[in-house]
$ cat final11.cif   # mmCIF, C-alpha atoms
data_coords
loop_
_atom_site.label_atom_id
_atom_site.label_comp_id
_atom_site.auth_asym_id
_atom_site.auth_seq_id
_atom_site.Cartn_x
_atom_site.Cartn_y
_atom_site.Cartn_z
CA MET F 206 0.00 0.00 0.00
CA SER F 207 1.46 3.37 -0.99
CA PRO F 208 1.98 5.81 1.88
CA ARG F 209 -0.12 8.94 1.86
CA PRO F 210 1.71 12.21 1.12
CA PHE F 211 2.50 14.41 4.07
CA PRO F 212 0.82 17.81 3.78
CA PRO F 213 2.94 20.84 4.64
CA ARG F 214 2.36 22.19 8.11
CA PRO F 215 0.74 25.64 8.12
CA GLN F 216 2.95 28.44 9.42
CA SER F 217 1.07 30.82 11.67
CA THR F 218 1.98 34.51 11.55
CA LYS F 219 -0.09 35.47 14.61
CA PRO F 220 1.77 36.58 17.72
CA LEU F 221 1.88 34.04 20.51
CA THR F 222 -0.74 34.40 23.21
CA ARG F 223 0.28 34.43 26.85
CA ARG F 224 -0.80 30.80 27.18
CA ALA F 225 1.10 29.77 24.04
CA ARG F 226 4.25 31.47 25.33
CA SER F 227 3.87 29.65 28.64
CA THR F 228 3.75 26.26 26.89
CA GLU F 229 7.16 26.97 25.36
CA SER F 230 8.71 27.53 28.79
CA TRP F 231 10.88 24.65 29.93
CA HIS F 232 8.96 24.19 33.17
CA TYR F 233 5.52 23.82 31.54
CA PRO F 234 5.83 20.06 30.80
CA LEU F 235 6.88 19.45 34.41
CA ARG F 236 3.32 20.19 35.48
CA HIS F 237 2.42 16.72 34.20
CA HIS F 238 2.79 13.88 36.70
CA ASN F 239 3.82 11.44 33.98
CA TYR F 240 6.42 13.80 32.53
CA ARG F 241 8.08 14.35 35.92
CA ILE F 242 8.54 10.58 36.15
CA PHE F 243 9.65 10.44 32.53
CA VAL F 244 12.35 13.08 33.05
CA VAL F 245 13.86 11.11 35.93
CA LEU F 246 13.74 7.77 34.13
CA SER F 247 15.21 9.35 31.00
CA LEU F 248 18.15 10.74 32.97
CA VAL F 249 18.74 7.49 34.85
CA GLY F 250 18.15 5.29 31.79
CA SER F 251 20.37 7.31 29.46
CA GLY F 252 23.07 7.54 32.11
CA GLY F 253 22.87 3.79 32.69
CA VAL F 254 23.26 2.93 29.00
CA TRP F 255 26.29 5.17 28.64
CA MET F 256 27.70 3.84 31.89
CA GLN F 257 27.44 0.36 30.40
CA ARG F 258 29.13 1.48 27.20
CA LEU F 259 32.07 3.11 28.96
CA ALA F 260 32.57 0.13 31.28
CA GLN F 261 32.61 -2.14 28.22
CA ASP F 262 35.17 0.11 26.51
CA TRP F 263 37.47 0.21 29.54
CA LEU F 264 37.21 -3.55 29.99
CA VAL F 265 38.22 -4.07 26.35
CA LEU F 266 41.23 -1.80 26.90
CA GLN F 267 42.18 -3.85 29.98
CA LEU F 268 41.83 -7.15 28.13
CA THR F 269 43.64 -6.11 24.94
CA GLY F 270 45.73 -3.02 25.70
CA SER F 271 44.75 -1.68 22.26
CA PRO F 272 42.93 1.63 21.51
CA ALA F 273 41.99 0.13 18.13
CA ALA F 274 40.19 -2.70 19.95
CA VAL F 275 38.30 -0.07 21.95
CA GLY F 276 37.37 1.61 18.67
CA LEU F 277 35.95 -1.71 17.44
CA ALA F 278 33.90 -2.03 20.65
CA VAL F 279 32.49 1.46 20.12
CA ALA F 280 31.63 0.59 16.52
CA LEU F 281 29.86 -2.62 17.53
CA GLN F 282 27.70 -0.66 19.99
CA PHE F 283 26.39 1.67 17.29
CA LEU F 284 26.67 -0.05 13.90
CA PRO F 285 23.53 -2.18 14.54
CA MET F 286 21.56 1.07 14.36
CA LEU F 287 22.44 1.41 10.69
CA VAL F 288 20.62 -1.88 10.03
CA VAL F 289 17.87 -1.89 12.68
CA GLY F 290 17.24 1.87 12.80
CA PRO F 291 14.94 2.40 9.79
CA VAL F 292 12.81 -0.64 10.72
CA SER F 293 12.60 0.37 14.38
CA GLY F 294 10.70 3.52 13.40
CA VAL F 295 7.89 1.41 11.99
CA LEU F 296 7.85 -0.71 15.17
CA VAL F 297 7.55 2.47 17.22
CA ASP F 298 4.59 3.61 15.12
CA LEU F 299 2.90 0.18 15.28
CA PHE F 300 3.13 -0.79 18.96
CA PRO F 301 2.50 1.00 22.29
CA LYS F 302 5.63 2.95 23.23
CA ARG F 303 5.34 2.15 26.92
CA ARG F 304 5.51 -1.60 26.23
CA ILE F 305 8.50 -1.10 23.92
CA LEU F 306 10.33 0.80 26.66
CA LEU F 307 9.61 -1.93 29.20
CA ALA F 308 10.89 -4.64 26.85
CA CYS F 309 14.07 -2.76 25.88
CA GLN F 310 14.88 -1.85 29.46
CA SER F 311 14.45 -5.47 30.55
CA VAL F 312 17.00 -6.58 27.95
CA ALA F 313 19.43 -3.89 29.11
CA VAL F 314 19.16 -5.10 32.73
CA VAL F 315 19.90 -8.69 31.69
CA LEU F 316 22.96 -7.59 29.68
CA ALA F 317 24.36 -5.52 32.56
CA ALA F 318 23.79 -8.24 35.17
CA GLY F 319 25.28 -10.88 32.89
CA LEU F 320 28.47 -8.92 32.27
CA ALA F 321 28.79 -8.12 35.98
CA ALA F 322 28.65 -11.81 36.90
CA TRP F 323 30.97 -12.83 34.06
CA ASN F 324 33.61 -10.22 34.89
CA ALA F 325 33.42 -10.89 38.63
CA MET F 326 34.13 -14.58 37.96
CA GLY F 327 37.31 -13.64 36.04
CA GLY F 328 36.11 -13.86 32.44
CA THR F 329 38.76 -12.72 29.96
CA ASP F 330 37.33 -13.52 26.50
CA VAL F 331 36.96 -10.19 24.71
CA TRP F 332 34.40 -11.65 22.28
CA VAL F 333 31.90 -11.83 25.16
CA VAL F 334 32.16 -8.06 25.56
CA TYR F 335 31.83 -7.60 21.80
CA ALA F 336 28.66 -9.71 21.79
CA SER F 337 27.22 -7.57 24.58
CA CYS F 338 28.07 -4.43 22.56
CA ILE F 339 26.09 -5.75 19.58
CA ALA F 340 23.08 -6.70 21.74
CA LEU F 341 23.08 -3.29 23.43
CA GLY F 342 23.29 -1.60 20.03
CA ILE F 343 20.22 -3.45 18.74
CA THR F 344 18.28 -2.64 21.90
CA SER F 345 19.22 1.05 21.75
CA ALA F 346 18.18 1.25 18.09
CA ILE F 347 14.61 0.45 19.14
CA ASP F 348 14.57 2.17 22.53
CA GLY F 349 15.87 5.56 21.30
CA PRO F 350 13.08 6.47 18.84
CA ALA F 351 10.41 4.98 21.15
CA ARG F 352 11.62 7.10 24.07
CA GLN F 353 11.62 10.29 22.00
CA VAL F 354 8.18 9.73 20.45
CA PHE F 355 6.75 8.77 23.85
CA VAL F 356 7.29 12.40 24.94
CA ASN F 357 4.35 13.42 22.75
CA GLU F 358 2.06 10.94 24.50
CA VAL F 359 3.22 12.10 27.92
CA VAL F 360 2.70 15.87 27.53
CA GLY F 361 0.40 16.23 24.50
CA ASP F 362 0.74 18.79 21.73
CA ALA F 363 0.53 21.92 23.91
CA GLY F 364 3.82 21.41 25.72
CA LEU F 365 5.62 19.46 23.01
CA PRO F 366 8.23 22.06 21.88
CA ALA F 367 9.42 22.70 25.43
CA ALA F 368 9.28 18.99 26.30
CA ILE F 369 11.36 18.02 23.25
CA GLY F 370 14.06 20.52 24.14
CA LEU F 371 14.13 19.53 27.81
CA ASN F 372 14.05 15.81 27.05
CA SER F 373 16.86 16.11 24.52
CA ALA F 374 18.96 17.96 27.07
CA ILE F 375 18.20 15.40 29.79
CA GLY F 376 19.06 12.50 27.50
CA GLN F 377 22.33 14.03 26.41
CA LEU F 378 23.15 14.99 29.99
CA GLY F 379 22.71 11.36 30.94
CA ALA F 380 25.08 10.49 28.10
CA MET F 381 27.73 12.59 29.82
CA ALA F 382 26.92 11.81 33.46
CA GLY F 383 26.82 8.03 32.91
CA PRO F 384 30.45 7.74 31.78
CA ALA F 385 31.51 10.08 34.59
CA LEU F 386 29.89 7.82 37.19
CA ALA F 387 31.32 4.74 35.48
CA GLY F 388 34.80 6.21 35.61
CA VAL F 389 34.54 6.80 39.35
CA VAL F 390 33.15 3.32 40.04
CA ILE F 391 35.74 1.60 37.83
CA ALA F 392 38.57 3.52 39.49
CA HIS F 393 37.52 2.35 42.96
CA THR F 394 36.05 -1.12 42.45
CA GLY F 395 36.49 -2.24 38.82
CA PRO F 396 34.27 -2.83 35.75
CA ALA F 397 32.18 -5.59 37.38
CA ALA F 398 30.86 -3.10 39.96
CA ALA F 399 29.99 -0.63 37.19
CA PHE F 400 27.99 -3.31 35.36
CA ALA F 401 26.22 -4.29 38.60
CA ALA F 402 25.41 -0.65 39.40
CA ASN F 403 23.93 -0.23 35.93
CA ALA F 404 21.77 -3.31 36.40
CA GLY F 405 20.43 -1.75 39.61
CA LEU F 406 19.70 1.52 37.81
CA GLY F 407 17.92 -0.45 35.10
CA VAL F 408 15.58 -2.06 37.61
CA ALA F 409 14.77 1.40 39.00
CA VAL F 410 13.91 2.58 35.47
CA LEU F 411 11.58 -0.41 34.98
CA VAL F 412 9.73 0.56 38.17
CA MET F 413 9.39 4.16 36.97
CA ILE F 414 8.07 3.12 33.54
CA ALA F 415 5.51 0.90 35.23
CA SER F 416 4.42 3.81 37.47
CA ILE F 417 3.46 6.02 34.52
CA ARG F 418 -0.33 6.40 34.47
CA PRO F 419 -1.70 5.04 31.15
CA GLY F 420 -5.00 6.89 31.58
CA GLU F 421 -3.23 10.27 31.47
CA LEU F 422 -1.35 9.63 28.22
CA HIS F 423 -2.18 11.60 25.06
CA HIS F 424 -2.22 8.95 22.38
CA SER F 425 -0.71 9.74 18.98
CA PRO F 426 -2.67 9.56 15.71
CA GLU F 427 -3.63 6.14 14.48
CA PRO F 428 -0.46 4.24 13.37
CA PRO F 429 -0.11 2.59 9.97
CA GLY F 430 -1.62 -0.83 9.47
CA PRO F 431 0.44 -4.00 9.90
CA GLY F 432 0.63 -4.53 6.15
CA ALA F 433 2.17 -1.15 5.47
CA GLY F 434 5.58 -1.81 7.01
CA ARG F 435 7.69 -1.63 3.87
CA GLY F 436 5.91 1.42 2.50
CA GLN F 437 6.14 3.19 5.83
CA VAL F 438 9.93 2.79 5.95
CA LEU F 439 10.15 4.39 2.49
CA ALA F 440 7.74 7.12 3.60
CA GLY F 441 10.20 8.20 6.28
CA PHE F 442 12.96 8.51 3.66
CA ARG F 443 10.67 10.49 1.35
CA PHE F 444 9.67 12.89 4.12
CA VAL F 445 13.31 13.72 4.93
CA ARG F 446 14.40 13.85 1.28
CA ALA F 447 11.67 16.40 0.50
CA ARG F 448 13.09 18.78 3.15
CA PRO F 449 16.73 19.63 2.31
CA SER F 450 17.34 21.69 5.45
CA LEU F 451 16.13 18.82 7.63
CA LEU F 452 18.31 16.35 5.72
CA LEU F 453 21.38 18.58 6.07
CA THR F 454 20.81 19.05 9.81
CA MET F 455 20.63 15.29 10.25
CA LEU F 456 23.75 14.84 8.10
CA LEU F 457 25.63 17.38 10.24
CA ALA F 458 24.71 15.41 13.36
CA GLY F 459 26.08 12.26 11.74
CA LEU F 460 29.33 13.97 10.75
CA LEU F 461 29.82 15.43 14.23
CA GLY F 462 29.07 11.98 15.63
CA ALA F 463 31.93 10.61 13.53
CA PHE F 464 34.44 13.41 14.09
CA GLY F 465 33.50 14.72 17.52
CA MET F 466 31.84 12.16 19.77
CA ASN F 467 34.83 9.94 20.38
CA GLY F 468 35.15 10.45 24.14
CA PRO F 469 35.43 6.77 25.18
CA VAL F 470 38.45 6.26 22.94
CA VAL F 471 40.13 9.64 23.35
CA LEU F 472 39.67 10.13 27.09
CA ALA F 473 40.81 6.59 27.84
CA ALA F 474 43.91 7.16 25.70
CA PHE F 475 44.68 10.53 27.33
CA ALA F 476 44.35 9.01 30.80
CA ASP F 477 46.47 6.00 29.91
CA ARG F 478 49.14 7.38 27.54
CA VAL F 479 49.39 11.17 27.91
CA TRP F 480 48.75 12.09 31.55
CA HIS F 481 49.31 8.60 33.02
CA SER F 482 46.48 9.10 35.51
CA GLY F 483 44.76 5.71 34.97
CA PRO F 484 41.11 5.06 35.87
CA ALA F 485 41.06 7.96 38.34
CA GLY F 486 41.98 10.39 35.59
CA PHE F 487 39.50 8.72 33.25
CA GLY F 488 36.75 9.28 35.81
CA LEU F 489 37.85 12.91 36.36
CA PHE F 490 37.81 13.66 32.64
CA ASN F 491 34.29 12.30 32.24
CA THR F 492 33.10 14.10 35.37
CA VAL F 493 34.23 17.53 34.23
CA SER F 494 32.79 16.86 30.77
CA ALA F 495 29.48 16.14 32.50
CA LEU F 496 29.68 19.46 34.39
CA GLY F 497 30.16 21.29 31.12
CA ALA F 498 27.28 19.28 29.65
CA LEU F 499 25.01 20.35 32.51
CA ALA F 500 25.73 24.00 31.75
CA GLY F 501 25.15 23.38 28.04
CA ALA F 502 21.85 21.63 28.76
CA LEU F 503 20.60 24.54 30.89
CA VAL F 504 21.54 27.05 28.18
CA ALA F 505 20.10 24.99 25.31
CA THR F 506 16.70 24.52 26.96
CA ARG F 507 16.33 28.29 27.39
CA ILE F 508 16.99 29.05 23.71
CA LYS F 509 13.56 28.79 22.11
CA ARG F 510 14.56 29.66 18.53
CA PHE F 511 18.12 28.51 17.91
CA GLY F 512 17.85 28.40 14.10
CA ARG F 513 19.98 26.67 11.49
CA LYS F 514 22.75 29.26 11.78
CA GLY F 515 22.99 28.65 15.52
CA ILE F 516 23.16 24.88 14.99
CA VAL F 517 25.97 25.23 12.45
CA ALA F 518 27.86 27.71 14.65
CA SER F 519 27.62 25.43 17.68
CA ALA F 520 28.89 22.52 15.55
CA GLY F 521 31.90 24.54 14.42
CA LEU F 522 32.69 25.60 18.00
CA PHE F 523 32.31 21.97 19.08
CA GLY F 524 35.09 20.95 16.68
CA LEU F 525 37.26 23.94 17.63
CA THR F 526 37.09 23.22 21.37
CA GLN F 527 38.18 19.62 20.76
CA LEU F 528 41.14 20.79 18.71
CA LEU F 529 42.17 23.24 21.44
CA ALA F 530 41.80 20.55 24.13
CA ALA F 531 44.29 18.36 22.25
CA LEU F 532 46.89 21.16 22.38
CA MET F 533 46.68 21.86 26.12
CA PRO F 534 50.15 21.69 27.73
CA THR F 535 49.09 20.42 31.17
CA GLN F 536 46.43 18.12 32.57
CA GLU F 537 44.87 21.04 34.47
CA TRP F 538 44.31 23.03 31.29
CA PHE F 539 43.10 19.89 29.54
CA VAL F 540 40.46 19.46 32.26
CA VAL F 541 39.34 23.08 31.82
CA MET F 542 38.93 22.58 28.08
CA LEU F 543 36.92 19.40 28.66
CA ILE F 544 34.33 21.50 30.48
CA VAL F 545 34.04 23.70 27.38
CA VAL F 546 33.87 20.64 25.12
CA GLY F 547 31.06 19.17 27.22
CA PHE F 548 29.20 22.49 27.09
CA MET F 549 29.39 22.74 23.29
CA THR F 550 28.47 19.07 22.88
CA LEU F 551 25.14 19.57 24.65
CA VAL F 552 24.36 22.89 22.97
CA PHE F 553 24.82 21.34 19.52
CA LEU F 554 23.11 18.00 20.16
CA THR F 555 20.12 19.50 21.96
CA SER F 556 19.52 22.19 19.36
CA ALA F 557 19.88 19.72 16.48
CA ALA F 558 17.59 17.10 18.04
CA THR F 559 14.94 19.72 18.85
CA ALA F 560 15.00 21.09 15.31
CA VAL F 561 14.64 17.60 13.81
CA GLN F 562 11.72 16.60 16.03
CA LEU F 563 9.80 19.85 15.57
CA GLU F 564 10.18 19.57 11.79
CA ALA F 565 8.54 16.13 11.79
CA GLY F 566 4.82 15.82 12.46
CA ALA F 567 3.49 13.34 15.03
CA ASN F 568 2.41 10.85 12.35
CA VAL F 569 5.95 10.49 10.98
CA ARG F 570 8.13 11.42 13.96
CA GLY F 571 9.01 7.83 14.81
CA ARG F 572 10.31 7.14 11.32
CA VAL F 573 12.23 10.42 11.11
CA LEU F 574 13.92 9.76 14.46
CA ALA F 575 14.64 6.20 13.33
CA LEU F 576 16.72 7.77 10.55
CA TYR F 577 18.23 10.48 12.75
CA PHE F 578 19.53 8.15 15.46
CA PRO F 579 21.35 5.80 13.05
CA LEU F 580 23.01 8.82 11.44
CA LEU F 581 24.08 10.27 14.80
CA LEU F 582 25.09 7.07 16.55
CA GLY F 583 26.20 5.25 13.41
CA GLY F 584 28.53 8.19 12.88
CA HIS F 585 29.60 7.69 16.49
CA ALA F 586 30.44 4.07 15.64
CA LEU F 587 32.55 5.00 12.64
CA GLY F 588 34.13 7.75 14.73
CA GLY F 589 35.20 5.19 17.30
CA LEU F 590 37.05 3.24 14.62
CA LEU F 591 38.56 6.42 13.18
CA ALA F 592 39.66 7.74 16.58
CA GLY F 593 41.14 4.36 17.53
CA TRP F 594 43.10 4.15 14.29
CA LEU F 595 44.37 7.74 14.47
CA THR F 596 45.31 7.38 18.13
CA GLU F 597 47.22 4.16 17.58
CA ASP F 598 49.06 5.20 14.40
CA PHE F 599 49.60 8.97 14.85
CA GLY F 600 49.38 9.57 18.60
CA VAL F 601 46.66 10.69 21.00
CA ARG F 602 47.04 14.44 20.52
CA THR F 603 47.32 14.27 16.74
CA GLY F 604 44.23 12.08 16.51
CA LEU F 605 42.12 14.59 18.45
CA VAL F 606 43.48 17.53 16.42
CA ILE F 607 42.52 15.79 13.17
CA THR F 608 38.98 14.88 14.29
CA GLY F 609 38.39 18.37 15.71
CA ALA F 610 39.51 19.94 12.42
CA LEU F 611 37.27 17.58 10.44
CA GLY F 612 34.33 18.63 12.65
CA MET F 613 34.99 22.29 11.83
CA VAL F 614 35.21 21.53 8.11
CA SER F 615 31.93 19.58 8.30
CA ALA F 616 30.18 22.54 9.94
CA ALA F 617 31.51 24.90 7.27
CA VAL F 618 30.40 22.68 4.37
CA ILE F 619 26.91 22.03 5.79
CA GLY F 620 26.54 25.71 6.63
CA PHE F 621 27.31 26.62 3.01
CA LEU F 622 24.81 24.06 1.69
CA LEU F 623 22.11 25.35 4.06
CA TRP F 624 22.80 28.89 2.84
CA ARG F 625 22.38 27.74 -0.77
CA CYS F 626 19.08 26.03 0.13
CA SER F 627 17.78 29.22 1.73
CA ARG F 628 18.77 31.24 -1.35
CA ARG F 629 16.89 28.79 -3.57
CA GLY F 630 13.84 28.80 -1.30
CA GLY F 631 14.36 25.18 -0.14
CA ASN F 632 12.68 23.86 3.00
#

$ encode --input "final11.cif" --output "C-alpha cells"
Amino acid sequence: MSPRPFPPRPQSTKPLTRRARSTESWHYPLRHHNYRIFVVLSLVGSGGVWMQRLAQDWLVLQLTGSPAAVGLAVALQFLPMLVVGPVSGVLVDLFPKRRILLACQSVAVVLAAGLAAWNAMGGTDVWVVYASCIALGITSAIDGPARQVFVNEVVGDAGLPAAIGLNSAIGQLGAMAGPALAGVVIAHTGPAAAFAANAGLGVAVLVMIASIRPGELHHSPEPPGPGAGRGQVLAGFRFVRARPSLLLTMLLAGLLGAFGMNGPVVLAAFADRVWHSGPAGFGLFNTVSALGALAGALVATRIKRFGRKGIVASAGLFGLTQLLAALMPTQEWFVVMLIVVGFMTLVFLTSAATAVQLEAGANVRGRVLALYFPLLLGGHALGGLLAGWLTEDFGVRTGLVITGALGMVSAAVIGFLLWRCSRRGGN
C-alpha cells in the first residue's frame, strides 16, 4: 500500500498568546505527573546505558591493551543502528511505546547483570564483551526512537516544543553523566561493579516506567496498518528527502558523531598514555565533561529559537574546542577545556535534536527519528574506529586535532549548503 503524502504544516503569523508562550517555557511540561517521572527515568536510563558502554570500553582496553580494539567495541555498539534503525521507526509507530520501553529496558538489565557476573568470575574472552556491545546496540536502536516519540504521549501537543528541548537535554546529559559515574566506580572497584550498578539503575527505570499512568497519556494519531511496514519505511525517507534543510541538519549530526563524539576512545587514551592518571583520571575527565554538559543543557533549553545558523555555529565551535583541548600543555588546562567541550556538545546535540523533532509531524516522527539516530550514533560508531586508528598510528594528541579539524570543516560545508538552500527557497 502506498503511503499517503505528508501535507505541509501551516505556518502561523499570529503573535503568541500568553498561554502559548507559557507552553514553550521549559517548566511547563513538568506540570504533568507522567512527565516528571519520565524526566527522571530518561536521565537514569540514558546515564545507565552510557555507563554500560564506557565500562565495556574500559574492559576491552584492559583485556587487549589496544585503543583500536576499543574503537571496534564502540563501533559494535552503534553499527547495529544502521541496520535496525529504519525498521525500528515502523515498530515504534505500530506498537505501544510504553511496552517497547519496558521490553528494551528489561533486555538492558539482563545484559548488565550478565556482564557483571561474568567479569566478577574472572572472564577474559573479549568476544563476550563484543557480543554484549552488539546486543546493546540493537536494543538502543529500538529504545531511542520509542523514548523520544513517547514524549508526545506524555505531555500532548501543547507542551511538546518545550518537552522536546528539555528531554533532549536530559538524554544528552545522561550520556555525559553516565560515563563520569562509570569512571569513578571503575577507578575504585572495577568494571564488574559498574555493570552491577547499571543493572540496579535499570531495575529502577523499569519501576518508573511501570508507574506512569496510562490513563493520562495523550495517544498519537492512528499508526499505519500492519501490512504497510515496507511502505512506511520508504515514507520516512521520502519525508526527509523532501526537506533539504532537515536532511542537512541530520547529516551534520552524523558527521559530528563521527568526528567529535569519540570520548570513550580519546579520554581513555589521554588518561592512559598522555597524563598517566589511569582510571582515576579517566573518571575525572568524564566528570568535568558532564559538568560542562550540565551548563550546556541549561543554556540549550532556554533558547527557544536557535535556528539553522545557531546549529551550524555550535557545531563549528564543538570541533574547535576539541582541537584546542588536544593542544593543552598540562592536565589542568586539559580538564578546563573538557568543560568547554562538554558544554558545546550539549548545545549542539540539543539544538539539532529539537530542530529535527519539531520539523517532523506526530504521524511520521518515529520514522524520522529512526533515521536520525542511526546517522548520529552510526557516525559515532565510525568515529570510534577512526579515533582508535588515528590514536594508535599517529598519537593521542594528533588524533584529536585531526577529528576536531574535520568537525569544523563539516560545519563549514553544511553551513554553506544550508545557505544555498535558503537562497533557492528550499525547506

$ resolve_selection --input "final11.cif" --expression "the PyMOL selection byres ((chain F and resi 541) around 12)" --output "number ranges by chain"
F: 489-494, 496-497, 526-527, 529-531, 533-540, 542-548

$ atom_distance --input "final11.cif" --atom1 "atom CA of F:His237" --atom2 "atom CA of F:Leu386"
29.0 Å

$ closest_atom_pairs --input "final11.cif" --of "stretch 483-593 of chain F" --to "stretch 288-297 of chain F" --cutoff "12 Å" --atoms "all atoms listed in the file" --output "tab-separated table"
residue	atom	partner	partner_atom	distance
F:Ala567	CA	F:Val297	CA	11.8
F:Asn568	CA	F:Val295	CA	10.9
F:Val569	CA	F:Gly294	CA	8.8
F:Arg570	CA	F:Gly294	CA	8.3
F:Gly571	CA	F:Gly294	CA	4.8
F:Arg572	CA	F:Gly294	CA	4.2
F:Val573	CA	F:Gly294	CA	7.4
F:Leu574	CA	F:Gly294	CA	7.1
F:Ala575	CA	F:Gly294	CA	4.8
F:Leu576	CA	F:Pro291	CA	5.7
F:Tyr577	CA	F:Gly290	CA	8.7
F:Phe578	CA	F:Gly290	CA	7.2
F:Pro579	CA	F:Gly290	CA	5.7
F:Leu580	CA	F:Gly290	CA	9.1
F:Leu581	CA	F:Gly290	CA	11.0
F:Leu582	CA	F:Gly290	CA	10.1
F:Gly583	CA	F:Gly290	CA	9.6

$ closest_residue --input "final11.cif" --among "F:Arg478, F:Ala398, F:Leu525, F:Leu264" --to "F:Leu611" --atoms "all atoms listed in the file"
F:Leu525

$ resolve_selection --input "final11.cif" --expression "the PyMOL selection byres ((chain F and resi 390) around 12)" --output "PDB file with C-alpha atoms, keeping the file's coordinate frame"
ATOM      1  CA  MET F 256      27.700   3.840  31.890  1.00  0.00           C
ATOM      2  CA  GLN F 257      27.440   0.360  30.400  1.00  0.00           C
ATOM      3  CA  LEU F 259      32.070   3.110  28.960  1.00  0.00           C
ATOM      4  CA  ALA F 260      32.570   0.130  31.280  1.00  0.00           C
ATOM      5  CA  TRP F 263      37.470   0.210  29.540  1.00  0.00           C
ATOM      6  CA  GLY F 383      26.820   8.030  32.910  1.00  0.00           C
ATOM      7  CA  PRO F 384      30.450   7.740  31.780  1.00  0.00           C
ATOM      8  CA  ALA F 385      31.510  10.080  34.590  1.00  0.00           C
ATOM      9  CA  LEU F 386      29.890   7.820  37.190  1.00  0.00           C
ATOM     10  CA  ALA F 387      31.320   4.740  35.480  1.00  0.00           C
ATOM     11  CA  GLY F 388      34.800   6.210  35.610  1.00  0.00           C
ATOM     12  CA  VAL F 389      34.540   6.800  39.350  1.00  0.00           C
ATOM     13  CA  ILE F 391      35.740   1.600  37.830  1.00  0.00           C
ATOM     14  CA  ALA F 392      38.570   3.520  39.490  1.00  0.00           C
ATOM     15  CA  HIS F 393      37.520   2.350  42.960  1.00  0.00           C
ATOM     16  CA  THR F 394      36.050  -1.120  42.450  1.00  0.00           C
ATOM     17  CA  GLY F 395      36.490  -2.240  38.820  1.00  0.00           C
ATOM     18  CA  PRO F 396      34.270  -2.830  35.750  1.00  0.00           C
ATOM     19  CA  ALA F 397      32.180  -5.590  37.380  1.00  0.00           C
ATOM     20  CA  ALA F 398      30.860  -3.100  39.960  1.00  0.00           C
ATOM     21  CA  ALA F 399      29.990  -0.630  37.190  1.00  0.00           C
ATOM     22  CA  PHE F 400      27.990  -3.310  35.360  1.00  0.00           C
ATOM     23  CA  ALA F 401      26.220  -4.290  38.600  1.00  0.00           C
ATOM     24  CA  ALA F 402      25.410  -0.650  39.400  1.00  0.00           C
ATOM     25  CA  ASN F 403      23.930  -0.230  35.930  1.00  0.00           C
ATOM     26  CA  PRO F 484      41.110   5.060  35.870  1.00  0.00           C
ATOM     27  CA  ALA F 485      41.060   7.960  38.340  1.00  0.00           C
ATOM     28  CA  PHE F 487      39.500   8.720  33.250  1.00  0.00           C
ATOM     29  CA  GLY F 488      36.750   9.280  35.810  1.00  0.00           C
ATOM     30  CA  LEU F 489      37.850  12.910  36.360  1.00  0.00           C
ATOM     31  CA  ASN F 491      34.290  12.300  32.240  1.00  0.00           C
ATOM     32  CA  THR F 492      33.100  14.100  35.370  1.00  0.00           C
TER      33      THR F 492
END

$ resolve_selection --input "final11.cif" --expression "the PyMOL selection byres ((chain F and resi 414) around 12)" --output "ChimeraX atom specification"
/F:239-247,249-250,302-311,352,355,359,407-413,415-419

$ write_last_selection --input "final11.cif" --atoms "C-alpha atoms" --output "PDB file, in the coordinates of the input"
ATOM      1  CA  ASN F 239       3.820  11.440  33.980  1.00  0.00           C
ATOM      2  CA  TYR F 240       6.420  13.800  32.530  1.00  0.00           C
ATOM      3  CA  ARG F 241       8.080  14.350  35.920  1.00  0.00           C
ATOM      4  CA  ILE F 242       8.540  10.580  36.150  1.00  0.00           C
ATOM      5  CA  PHE F 243       9.650  10.440  32.530  1.00  0.00           C
ATOM      6  CA  VAL F 244      12.350  13.080  33.050  1.00  0.00           C
ATOM      7  CA  VAL F 245      13.860  11.110  35.930  1.00  0.00           C
ATOM      8  CA  LEU F 246      13.740   7.770  34.130  1.00  0.00           C
ATOM      9  CA  SER F 247      15.210   9.350  31.000  1.00  0.00           C
ATOM     10  CA  VAL F 249      18.740   7.490  34.850  1.00  0.00           C
ATOM     11  CA  GLY F 250      18.150   5.290  31.790  1.00  0.00           C
ATOM     12  CA  LYS F 302       5.630   2.950  23.230  1.00  0.00           C
ATOM     13  CA  ARG F 303       5.340   2.150  26.920  1.00  0.00           C
ATOM     14  CA  ARG F 304       5.510  -1.600  26.230  1.00  0.00           C
ATOM     15  CA  ILE F 305       8.500  -1.100  23.920  1.00  0.00           C
ATOM     16  CA  LEU F 306      10.330   0.800  26.660  1.00  0.00           C
ATOM     17  CA  LEU F 307       9.610  -1.930  29.200  1.00  0.00           C
ATOM     18  CA  ALA F 308      10.890  -4.640  26.850  1.00  0.00           C
ATOM     19  CA  CYS F 309      14.070  -2.760  25.880  1.00  0.00           C
ATOM     20  CA  GLN F 310      14.880  -1.850  29.460  1.00  0.00           C
ATOM     21  CA  SER F 311      14.450  -5.470  30.550  1.00  0.00           C
ATOM     22  CA  ARG F 352      11.620   7.100  24.070  1.00  0.00           C
ATOM     23  CA  PHE F 355       6.750   8.770  23.850  1.00  0.00           C
ATOM     24  CA  VAL F 359       3.220  12.100  27.920  1.00  0.00           C
ATOM     25  CA  GLY F 407      17.920  -0.450  35.100  1.00  0.00           C
ATOM     26  CA  VAL F 408      15.580  -2.060  37.610  1.00  0.00           C
ATOM     27  CA  ALA F 409      14.770   1.400  39.000  1.00  0.00           C
ATOM     28  CA  VAL F 410      13.910   2.580  35.470  1.00  0.00           C
ATOM     29  CA  LEU F 411      11.580  -0.410  34.980  1.00  0.00           C
ATOM     30  CA  VAL F 412       9.730   0.560  38.170  1.00  0.00           C
ATOM     31  CA  MET F 413       9.390   4.160  36.970  1.00  0.00           C
ATOM     32  CA  ALA F 415       5.510   0.900  35.230  1.00  0.00           C
ATOM     33  CA  SER F 416       4.420   3.810  37.470  1.00  0.00           C
ATOM     34  CA  ILE F 417       3.460   6.020  34.520  1.00  0.00           C
ATOM     35  CA  ARG F 418      -0.330   6.400  34.470  1.00  0.00           C
ATOM     36  CA  PRO F 419      -1.700   5.040  31.150  1.00  0.00           C
TER      37      PRO F 419
END

$ atom_distance --input "final11.cif" --atom1 "atom CA of F:Arg446" --atom2 "atom CA of F:Glu564"
12.7 Å

$ closest_residue --input "final11.cif" --among "F:Ala565, F:Leu460, F:Glu358, F:Cys338" --to "F:Val445" --atoms "only C-alpha atoms"
F:Ala565
